[in-house]
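**Q** What follows is model.pdb, PDB, C-alpha atoms.
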ATOM      1  CA  MET A1468      62.259  74.922 112.913  1.00  0.00           C
ATOM      2  CA  PRO A1469      65.607  73.287 111.970  1.00  0.00           C
ATOM      3  CA  LYS A1470      65.294  74.699 108.422  1.00  0.00           C
ATOM      4  CA  LEU A1471      64.912  78.194 109.898  1.00  0.00           C
ATOM      5  CA  ARG A1472      68.113  77.704 111.956  1.00  0.00           C
ATOM      6  CA  TRP A1473      70.084  76.643 108.862  1.00  0.00           C
ATOM      7  CA  THR A1474      68.746  79.617 106.932  1.00  0.00           C
ATOM      8  CA  PHE A1475      69.700  81.948 109.780  1.00  0.00           C
ATOM      9  CA  LEU A1476      73.175  80.380 110.060  1.00  0.00           C
ATOM     10  CA  ALA A1477      73.699  80.599 106.299  1.00  0.00           C
ATOM     11  CA  ALA A1478      72.693  84.277 106.349  1.00  0.00           C
ATOM     12  CA  ILE A1479      75.219  84.997 109.109  1.00  0.00           C
ATOM     13  CA  VAL A1480      78.023  83.162 107.289  1.00  0.00           C
ATOM     14  CA  LEU A1481      77.259  84.870 103.973  1.00  0.00           C
ATOM     15  CA  GLY A1482      77.034  88.263 105.671  1.00  0.00           C
ATOM     16  CA  ALA A1483      80.377  87.773 107.381  1.00  0.00           C
ATOM     17  CA  ALA A1484      81.925  86.625 104.101  1.00  0.00           C
ATOM     18  CA  ALA A1485      80.631  89.739 102.355  1.00  0.00           C
ATOM     19  CA  VAL A1486      82.084  91.996 105.051  1.00  0.00           C
ATOM     20  CA  LEU A1487      85.469  90.243 104.875  1.00  0.00           C
ATOM     21  CA  ALA A1488      85.517  90.344 101.074  1.00  0.00           C
ATOM     22  CA  THR A1489      84.732  94.060 101.093  1.00  0.00           C
ATOM     23  CA  ALA A1490      87.474  94.713 103.623  1.00  0.00           C
ATOM     24  CA  ALA A1491      89.973  92.682 101.584  1.00  0.00           C
ATOM     25  CA  PHE A1492      89.002  94.555  98.424  1.00  0.00           C
ATOM     26  CA  ASP A1493      89.359  97.903 100.145  1.00  0.00           C
ATOM     27  CA  ARG A1494      92.745  96.906 101.567  1.00  0.00           C
ATOM     28  CA  HIS A1495      94.222  95.181  98.532  1.00  0.00           C
ATOM     29  CA  GLY A1496      92.203  95.799  95.415  1.00  0.00           C
ATOM     30  CA  GLY A1497      90.183  98.938  95.761  1.00  0.00           C
ATOM     31  CA  VAL A1498      91.613 102.278  96.738  1.00  0.00           C
ATOM     32  CA  SER A1499      90.007 104.598  99.225  1.00  0.00           C
ATOM     33  CA  ALA A1500      90.863 108.274  98.886  1.00  0.00           C
ATOM     34  CA  HIS A1501      91.224 108.431 102.667  1.00  0.00           C
ATOM     35  CA  VAL A1502      94.733 108.036 104.056  1.00  0.00           C
ATOM     36  CA  ASP A1503      94.991 106.927 107.676  1.00  0.00           C
ATOM     37  CA  ALA A1504      97.913 109.214 108.496  1.00  0.00           C
ATOM     38  CA  LYS A1505      99.147 109.470 112.062  1.00  0.00           C
ATOM     39  CA  PRO A1506     101.200 112.397 113.379  1.00  0.00           C
ATOM     40  CA  LEU A1507     104.715 111.876 114.706  1.00  0.00           C
ATOM     41  CA  ALA A1508     105.731 115.473 115.251  1.00  0.00           C
ATOM     42  CA  PRO A1509     104.546 118.857 114.007  1.00  0.00           C
ATOM     43  CA  GLY A1510     104.516 118.606 110.223  1.00  0.00           C
ATOM     44  CA  VAL A1511     105.536 114.916 110.062  1.00  0.00           C
ATOM     45  CA  TRP A1512     103.010 112.112 109.581  1.00  0.00           C
ATOM     46  CA  ILE A1513     103.243 108.394 108.803  1.00  0.00           C
ATOM     47  CA  SER A1514     100.978 105.902 107.077  1.00  0.00           C
ATOM     48  CA  GLU A1515     100.918 102.503 105.516  1.00  0.00           C
ATOM     49  CA  GLN A1516     101.312 102.067 101.749  1.00  0.00           C
ATOM     50  CA  ILE A1517      99.369 104.608  99.731  1.00  0.00           C
ATOM     51  CA  ALA A1518      98.309 104.560  96.085  1.00  0.00           C
ATOM     52  CA  PRO A1519      98.713 107.201  93.387  1.00  0.00           C
ATOM     53  CA  GLU A1520      94.960 107.829  93.516  1.00  0.00           C
ATOM     54  CA  GLN A1521      95.262 108.976  97.138  1.00  0.00           C
ATOM     55  CA  LEU A1522      97.716 111.781  96.460  1.00  0.00           C
ATOM     56  CA  ALA A1523      94.977 114.240  95.463  1.00  0.00           C
ATOM     57  CA  ALA A1524      93.326 113.711  98.855  1.00  0.00           C
ATOM     58  CA  LEU A1525      96.665 114.279 100.593  1.00  0.00           C
ATOM     59  CA  LYS A1526      97.132 117.498  98.641  1.00  0.00           C
ATOM     60  CA  ALA A1527      93.607 118.582  99.596  1.00  0.00           C
ATOM     61  CA  GLN A1528      94.441 117.861 103.258  1.00  0.00           C
ATOM     62  CA  GLY A1529      97.361 120.281 103.000  1.00  0.00           C
ATOM     63  CA  PHE A1530     100.283 117.894 102.610  1.00  0.00           C
ATOM     64  CA  ARG A1531     103.175 119.319 100.614  1.00  0.00           C
ATOM     65  CA  ALA A1532     105.496 116.322 100.402  1.00  0.00           C
ATOM     66  CA  VAL A1533     105.522 112.527 100.413  1.00  0.00           C
ATOM     67  CA  VAL A1534     108.444 110.245 101.248  1.00  0.00           C
ATOM     68  CA  ASP A1535     108.332 106.608 100.124  1.00  0.00           C
ATOM     69  CA  LEU A1536     110.448 104.408 102.402  1.00  0.00           C
ATOM     70  CA  ARG A1537     109.279 101.126 100.885  1.00  0.00           C
ATOM     71  CA  PRO A1538     111.649  99.425  98.435  1.00  0.00           C
ATOM     72  CA  ASP A1539     110.242  98.798  94.974  1.00  0.00           C
ATOM     73  CA  ASN A1540     109.044  95.266  94.202  1.00  0.00           C
ATOM     74  CA  GLU A1541     108.605  94.290  97.830  1.00  0.00           C
ATOM     75  CA  VAL A1542     105.284  92.688  96.862  1.00  0.00           C
ATOM     76  CA  ALA A1543     103.395  92.197  93.618  1.00  0.00           C
ATOM     77  CA  GLY A1544     101.017  95.014  92.786  1.00  0.00           C
ATOM     78  CA  GLN A1545     102.754  97.621  94.915  1.00  0.00           C
ATOM     79  CA  PRO A1546     103.049 100.969  93.108  1.00  0.00           C
ATOM     80  CA  SER A1547     106.651 101.719  92.181  1.00  0.00           C
ATOM     81  CA  ALA A1548     108.487 104.778  93.404  1.00  0.00           C
ATOM     82  CA  SER A1549     108.555 106.161  89.852  1.00  0.00           C
ATOM     83  CA  THR A1550     104.779 105.744  89.534  1.00  0.00           C
ATOM     84  CA  MET A1551     104.262 107.430  92.890  1.00  0.00           C
ATOM     85  CA  GLY A1552     106.745 110.185  92.042  1.00  0.00           C
ATOM     86  CA  GLU A1553     105.022 110.977  88.746  1.00  0.00           C
ATOM     87  CA  ALA A1554     101.604 111.024  90.428  1.00  0.00           C
ATOM     88  CA  ALA A1555     102.923 113.266  93.211  1.00  0.00           C
ATOM     89  CA  LEU A1556     104.397 115.676  90.660  1.00  0.00           C
ATOM     90  CA  ARG A1557     101.000 115.896  88.904  1.00  0.00           C
ATOM     91  CA  GLN A1558      99.493 116.909  92.269  1.00  0.00           C
ATOM     92  CA  GLY A1559     102.217 119.477  92.934  1.00  0.00           C
ATOM     93  CA  LEU A1560     103.652 117.422  95.810  1.00  0.00           C
ATOM     94  CA  ARG A1561     107.336 116.960  96.489  1.00  0.00           C
ATOM     95  CA  PHE A1562     108.298 113.284  96.369  1.00  0.00           C
ATOM     96  CA  ASP A1563     111.367 111.541  97.783  1.00  0.00           C
ATOM     97  CA  TYR A1564     112.285 107.878  97.638  1.00  0.00           C
ATOM     98  CA  ILE A1565     114.382 106.519 100.512  1.00  0.00           C
ATOM     99  CA  PRO A1566     114.044 102.712 100.428  1.00  0.00           C
ATOM    100  CA  VAL A1567     114.458 100.918 103.751  1.00  0.00           C
ATOM    101  CA  THR A1568     114.371  97.132 103.820  1.00  0.00           C
ATOM    102  CA  HIS A1569     113.109  95.085 106.759  1.00  0.00           C
ATOM    103  CA  GLY A1570     115.539  94.759 109.656  1.00  0.00           C
ATOM    104  CA  GLU A1571     118.072  97.342 110.726  1.00  0.00           C
ATOM    105  CA  VAL A1572     117.486 100.884 109.508  1.00  0.00           C
ATOM    106  CA  PRO A1573     120.532 101.846 107.422  1.00  0.00           C
ATOM    107  CA  ALA A1574     122.481 104.902 108.583  1.00  0.00           C
ATOM    108  CA  GLY A1575     122.378 106.286 105.034  1.00  0.00           C
ATOM    109  CA  ALA A1576     118.575 106.218 105.034  1.00  0.00           C
ATOM    110  CA  VAL A1577     118.510 108.005 108.399  1.00  0.00           C
ATOM    111  CA  GLU A1578     120.857 110.712 107.110  1.00  0.00           C
ATOM    112  CA  THR A1579     118.925 111.112 103.851  1.00  0.00           C
ATOM    113  CA  LEU A1580     115.601 111.374 105.667  1.00  0.00           C
ATOM    114  CA  GLY A1581     117.114 113.922 108.059  1.00  0.00           C
ATOM    115  CA  ARG A1582     118.283 116.063 105.120  1.00  0.00           C
ATOM    116  CA  THR A1583     114.899 115.694 103.426  1.00  0.00           C
ATOM    117  CA  LEU A1584     112.974 116.771 106.528  1.00  0.00           C
ATOM    118  CA  ALA A1585     115.358 119.687 107.082  1.00  0.00           C
ATOM    119  CA  GLN A1586     114.199 121.155 103.756  1.00  0.00           C
ATOM    120  CA  ASP A1587     110.873 121.892 105.501  1.00  0.00           C
ATOM    121  CA  HIS A1588     108.289 120.904 102.948  1.00  0.00           C
ATOM    122  CA  SER A1589     105.887 120.175 105.777  1.00  0.00           C
ATOM    123  CA  PRO A1590     103.483 118.762 106.310  1.00  0.00           C
ATOM    124  CA  VAL A1591     105.113 115.637 104.944  1.00  0.00           C
ATOM    125  CA  LEU A1592     103.816 112.062 104.853  1.00  0.00           C
ATOM    126  CA  LEU A1593     106.291 109.213 105.322  1.00  0.00           C
ATOM    127  CA  TYR A1594     105.019 105.810 104.241  1.00  0.00           C
ATOM    128  CA  CYS A1595     106.041 102.180 103.894  1.00  0.00           C
ATOM    129  CA  ARG A1596     104.025  98.941 104.030  1.00  0.00           C
ATOM    130  CA  SER A1597     102.670  99.415 107.550  1.00  0.00           C
ATOM    131  CA  GLY A1598     104.217 102.688 108.750  1.00  0.00           C
ATOM    132  CA  ARG A1599     106.694 100.852 110.982  1.00  0.00           C
ATOM    133  CA  ARG A1600     109.872 101.497 108.984  1.00  0.00           C
ATOM    134  CA  ALA A1601     108.766 105.071 108.372  1.00  0.00           C
ATOM    135  CA  ALA A1602     108.332 105.676 112.113  1.00  0.00           C
ATOM    136  CA  ARG A1603     111.598 103.969 113.013  1.00  0.00           C
ATOM    137  CA  THR A1604     113.624 105.815 110.376  1.00  0.00           C
ATOM    138  CA  TRP A1605     112.088 109.104 111.526  1.00  0.00           C
ATOM    139  CA  ALA A1606     112.931 108.261 115.172  1.00  0.00           C
ATOM    140  CA  LEU A1607     116.609 107.859 114.335  1.00  0.00           C
ATOM    141  CA  ALA A1608     116.635 110.948 112.108  1.00  0.00           C
ATOM    142  CA  GLU A1609     114.952 112.999 114.852  1.00  0.00           C
ATOM    143  CA  ALA A1610     117.487 111.747 117.398  1.00  0.00           C
ATOM    144  CA  SER A1611     120.252 112.950 115.067  1.00  0.00           C
ATOM    145  CA  ARG A1612     118.715 116.374 114.409  1.00  0.00           C
ATOM    146  CA  PRO A1613     120.346 119.286 116.248  1.00  0.00           C
ATOM    147  CA  GLY A1614     117.673 120.631 118.579  1.00  0.00           C
ATOM    148  CA  GLY A1615     115.565 117.512 118.064  1.00  0.00           C
ATOM    149  CA  LEU A1616     113.308 115.875 120.602  1.00  0.00           C
ATOM    150  CA  ASP A1617     114.726 113.961 123.555  1.00  0.00           C
ATOM    151  CA  ALA A1618     114.603 110.150 123.689  1.00  0.00           C
ATOM    152  CA  PRO A1619     111.388 109.797 125.743  1.00  0.00           C
ATOM    153  CA  ALA A1620     109.581 112.261 123.457  1.00  0.00           C
ATOM    154  CA  ILE A1621     110.743 110.414 120.330  1.00  0.00           C
ATOM    155  CA  LEU A1622     109.671 107.029 121.682  1.00  0.00           C
ATOM    156  CA  ASN A1623     106.370 108.498 122.871  1.00  0.00           C
ATOM    157  CA  ALA A1624     105.678 110.030 119.435  1.00  0.00           C
ATOM    158  CA  VAL A1625     106.303 106.708 117.722  1.00  0.00           C
ATOM    159  CA  HIS A1626     104.091 104.936 120.254  1.00  0.00           C
ATOM    160  CA  HIS A1627     101.244 107.438 119.805  1.00  0.00           C
ATOM    161  CA  ALA A1628     101.467 106.889 116.055  1.00  0.00           C
ATOM    162  CA  GLY A1629     100.739 103.194 116.678  1.00  0.00           C
ATOM    163  CA  GLN A1630     104.263 101.904 116.184  1.00  0.00           C
ATOM    164  CA  ASP A1631     107.122 100.764 118.404  1.00  0.00           C
ATOM    165  CA  ALA A1632     110.774 101.776 118.483  1.00  0.00           C
ATOM    166  CA  GLY A1633     111.651 100.610 121.990  1.00  0.00           C
ATOM    167  CA  ASP A1634     114.379  98.365 120.619  1.00  0.00           C
ATOM    168  CA  LEU A1635     116.023 101.494 119.147  1.00  0.00           C
ATOM    169  CA  ALA A1636     116.247 103.269 122.522  1.00  0.00           C
ATOM    170  CA  ASP A1637     120.017 102.795 122.804  1.00  0.00           C
ATOM    171  CA  GLN A1638     120.600 103.989 119.229  1.00  0.00           C
ATOM    172  CA  ILE A1639     118.358 106.977 119.836  1.00  0.00           C
ATOM    173  CA  THR A1640     120.228 107.851 123.043  1.00  0.00           C
ATOM    174  CA  ASP A1641     123.590 107.461 121.276  1.00  0.00           C
ATOM    175  CA  ARG A1642     122.485 109.715 118.403  1.00  0.00           C
ATOM    176  CA  ILE A1643     121.238 112.354 120.854  1.00  0.00           C
ATOM    177  CA  ALA A1644     124.554 112.240 122.712  1.00  0.00           C
ATOM    178  CA  ALA A1645     126.452 112.594 119.422  1.00  0.00           C
ATOM    179  CA  ARG A1646     124.419 115.633 118.366  1.00  0.00           C
ATOM    180  CA  SER A1647     125.072 117.250 121.757  1.00  0.00           C
ATOM    181  CA  ALA A1648     128.806 116.610 121.451  1.00  0.00           C
ATOM    182  CA  THR A1649     129.045 118.179 117.987  1.00  0.00           C
ATOM    183  CA  HIS A1650     126.826 121.228 118.555  1.00  0.00           C
TER     184      HIS A1650
END
Turn this file's structure into structure tokens for me.
**A**
Amino acid sequence: MPKLRWTFLAAIVLGAAAVLATAAFDRHGGVSAHVDAKPLAPGVWISEQIAPEQLAALKAQGFRAVVDLRPDNEVAGQPSASTMGEAALRQGLRFDYIPVTHGEVPAGAVETLGRTLAQDHSPVLLYCRSGRRAARTWALAEASRPGGLDAPAILNAVHHAGQDAGDLADQITDRIAARSATH
């Protein structure tokens, strides 16, 4: 009976190891065509890092543009913006590169993203490592956009996309007030 328990335990451990190894391969080594994109607003979606091989699936799903907000060389093995841009061009997708480092979202990136989104190549996918910087940069750009969503709607959209921008609430409110004062 003890031998049967050890065999059973070994089978469970090996099975769990196989599941974890497969998940790690899918996440870091292998590339799934599926992109787990989450909507922020009509025509604007976010996701974590994508690979060149996933752009065909995005095109097939109706996306027209991709915006890379992840700086090149953030981690080893990450596809560069030029690689992604060339792959997007081959798929007939518009590609923009607006690098945003960790920490504060630079005003220049917010303005550039706002101009990019105003060109209406929707639906558009914004991506970075986890989707967080993409969502946060969009939140500030949306707050700056004349006729854009109000602060609760922006924060709610980010939340429903699985991210958080609560710490940007004051900046969002200030940007909304500034757009109201100038328009």
**Q** For the PyMOL selection byres ((chain A and resi 1545) around 12), applied here, can you spell out every residue it catches as a list of chain:residue names?
**A**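 Evaluating the PyMOL selection byres ((chain A and resi 1545) around 12) on this file yields A:His1495, A:Gly1496, A:Glu1515, A:Gln1516, A:Ile1517, A:Ala1518, A:Pro1519, A:Asp1535, A:Arg1537, A:Pro1538, A:Asp1539, A:Asn1540, A:Glu1541, A:Val1542, A:Ala1543, A:Gly1544, A:Pro1546, A:Ser1547, A:Ala1548, A:Ser1549, A:Thr1550, A:Met1551, A:Cys1595, A:Arg1596.
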**Q** Those same residues, written as a PDB file, in the frame of the given file with C-alpha atoms?
**A**
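Wrote it out as again-v4.pdb, contents follow:
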ATOM      1  CA  HIS A1495      94.222  95.181  98.532  1.00  0.00           C
ATOM      2  CA  GLY A1496      92.203  95.799  95.415  1.00  0.00           C
ATOM      3  CA  GLU A1515     100.918 102.503 105.516  1.00  0.00           C
ATOM      4  CA  GLN A1516     101.312 102.067 101.749  1.00  0.00           C
ATOM      5  CA  ILE A1517      99.369 104.608  99.731  1.00  0.00           C
ATOM      6  CA  ALA A1518      98.309 104.560  96.085  1.00  0.00           C
ATOM      7  CA  PRO A1519      98.713 107.201  93.387  1.00  0.00           C
ATOM      8  CA  ASP A1535     108.332 106.608 100.124  1.00  0.00           C
ATOM      9  CA  ARG A1537     109.279 101.126 100.885  1.00  0.00           C
ATOM     10  CA  PRO A1538     111.649  99.425  98.435  1.00  0.00           C
ATOM     11  CA  ASP A1539     110.242  98.798  94.974  1.00  0.00           C
ATOM     12  CA  ASN A1540     109.044  95.266  94.202  1.00  0.00           C
ATOM     13  CA  GLU A1541     108.605  94.290  97.830  1.00  0.00           C
ATOM     14  CA  VAL A1542     105.284  92.688  96.862  1.00  0.00           C
ATOM     15  CA  ALA A1543     103.395  92.197  93.618  1.00  0.00           C
ATOM     16  CA  GLY A1544     101.017  95.014  92.786  1.00  0.00           C
ATOM     17  CA  PRO A1546     103.049 100.969  93.108  1.00  0.00           C
ATOM     18  CA  SER A1547     106.651 101.719  92.181  1.00  0.00           C
ATOM     19  CA  ALA A1548     108.487 104.778  93.404  1.00  0.00           C
ATOM     20  CA  SER A1549     108.555 106.161  89.852  1.00  0.00           C
ATOM     21  CA  THR A1550     104.779 105.744  89.534  1.00  0.00           C
ATOM     22  CA  MET A1551     104.262 107.430  92.890  1.00  0.00           C
ATOM     23  CA  CYS A1595     106.041 102.180 103.894  1.00  0.00           C
ATOM     24  CA  ARG A1596     104.025  98.941 104.030  1.00  0.00           C
TER      25      ARG A1596
END
**Q** For the file shown, report as JSON, numbers by chain the outcome of the PyMOL selection byres ((chain A and resi 1608) around 9) at residue level.
**A** {"A": [1576, 1577, 1578, 1579, 1580, 1581, 1582, 1584, 1603, 1604, 1605, 1606, 1607, 1609, 1610, 1611, 1612, 1615, 1639, 1642]}
**Q** Please write the residues picked by the PyMOL selection byres ((chain A and resi 1558) around 8) on this file as a list in words.
**A**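 Checking the PyMOL selection byres ((chain A and resi 1558) around 8) against this file, the residues are Leu1522, Ala1523, Lys1526, Ala1554, Ala1555, Leu1556, Arg1557, Gly1559 and Leu1560 of chain A.
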**Q** Just the residues within 7 Å of Ala1602 (chain A), please, counting all atoms listed in the file, with nothing from its chain fewer than 4 positions along; format it as an MDAnalysis selection string.
**A** chainID A and resid 1513 1598 1606 1625 1630
**Q** Using all atoms listed in the file, which residues sit within 6 Å of region 1505-1511 of chain A once same-chain residues fewer than 3 positions away are excluded, as an MDAnalysis selection string?
**A** chainID A and resid 1589:1591 1624 1628
**Q** Would you put the residues from that selection into a file with C-alpha atoms, as a PDB file, keeping the file's coordinate frame?
**A**
ATOM      1  CA  SER A1589     105.887 120.175 105.777  1.00  0.00           C
ATOM      2  CA  PRO A1590     103.483 118.762 106.310  1.00  0.00           C
ATOM      3  CA  VAL A1591     105.113 115.637 104.944  1.00  0.00           C
ATOM      4  CA  ALA A1624     105.678 110.030 119.435  1.00  0.00           C
ATOM      5  CA  ALA A1628     101.467 106.889 116.055  1.00  0.00           C
TER       6      ALA A1628
END
**Q** Which residue is closest to Gln1638 (chain A)? Choose from A:Ala1601, A:Val1572, A:Thr1583, A:Gly1614 and count all atoms listed in the file.
**A** A:Val1572
**Q** Report, as JSON, the centre and edge lengths in Å (one decimal) of the axis-aligned box enclosing every listed atom of region 1561-1580 of chain A, padded by 4 Å on each side.
**A**
{"center_x": 114.9, "center_y": 105.9, "center_z": 103.5, "size_x": 23.1, "size_y": 30.2, "size_z": 22.4}
**Q** Find, counting all atoms listed in the file, the residue in A:Arg1531, A:Glu1553, A:Arg1600, A:Asp1587 that gets nearest to Ile1565 (chain A).
**A**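 Among the listed residues, A:Arg1600 lies closest to Ile1565 (chain A).
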**Q** Please compute the CA of Gln1521 (chain A)-CA of Gly1629 (chain A) distance, one decimal, in Å.
**A**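 Here the two named atoms are 21.1 Å from each other.
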**Q** Please measure the separation of CA of Pro1566 (chain A) and CA of Glu1520 (chain A), giving the value in Å to one decimal.
**A**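 Going from CA of Pro1566 (chain A) over to CA of Glu1520 (chain A) covers 20.9 Å.
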**Q** Select, from A:Arg1646, A:His1569, A:His1627, A:Arg1599, the residue with the minimum atom-to-atom distance to Ser1514 (chain A), counting all atoms listed in the file.
**A** A:Arg1599
**Q** Do a neighbour search on Leu1622 (chain A) at 9 Å with all atoms listed in the file, toss out local chain neighbours closer than 4 positions, and write the hits as a PyMOL selection string.
**A** chain A and resi 1606+1617-1618+1626-1627+1631-1633+1635-1636+1639
**Q** Enter the distance from CA of Ala1644 (chain A) to CA of Asp1563 (chain A), in Å, rounded to one decimal.
**A**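 Distance between the two atoms: 28.2 Å.
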**Q** Given all atoms listed in the file as the basis, pick out the residue of A:Leu1616, A:Leu1592, A:Ala1574, A:Ala1585 nearest to Phe1562 (chain A).
**A**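 Smallest separation from Phe1562 (chain A) among the options: A:Leu1592.
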**Q** Go through A:Gly1552, A:Val1567, A:Pro1619, A:Thr1640 and flag the residue nearest Val1533 (chain A), using all atoms listed in the file for the distances.
**A** A:Gly1552
**Q** When you count all atoms listed in the file, which of these residues is closest to Gly1570 (chain A): A:Asp1634, A:Trp1512, A:Tyr1594, A:Pro1613?
**A**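 Between A:Asp1634, A:Trp1512, A:Tyr1594, A:Pro1613, the residue approaching Gly1570 (chain A) most closely is A:Asp1634.
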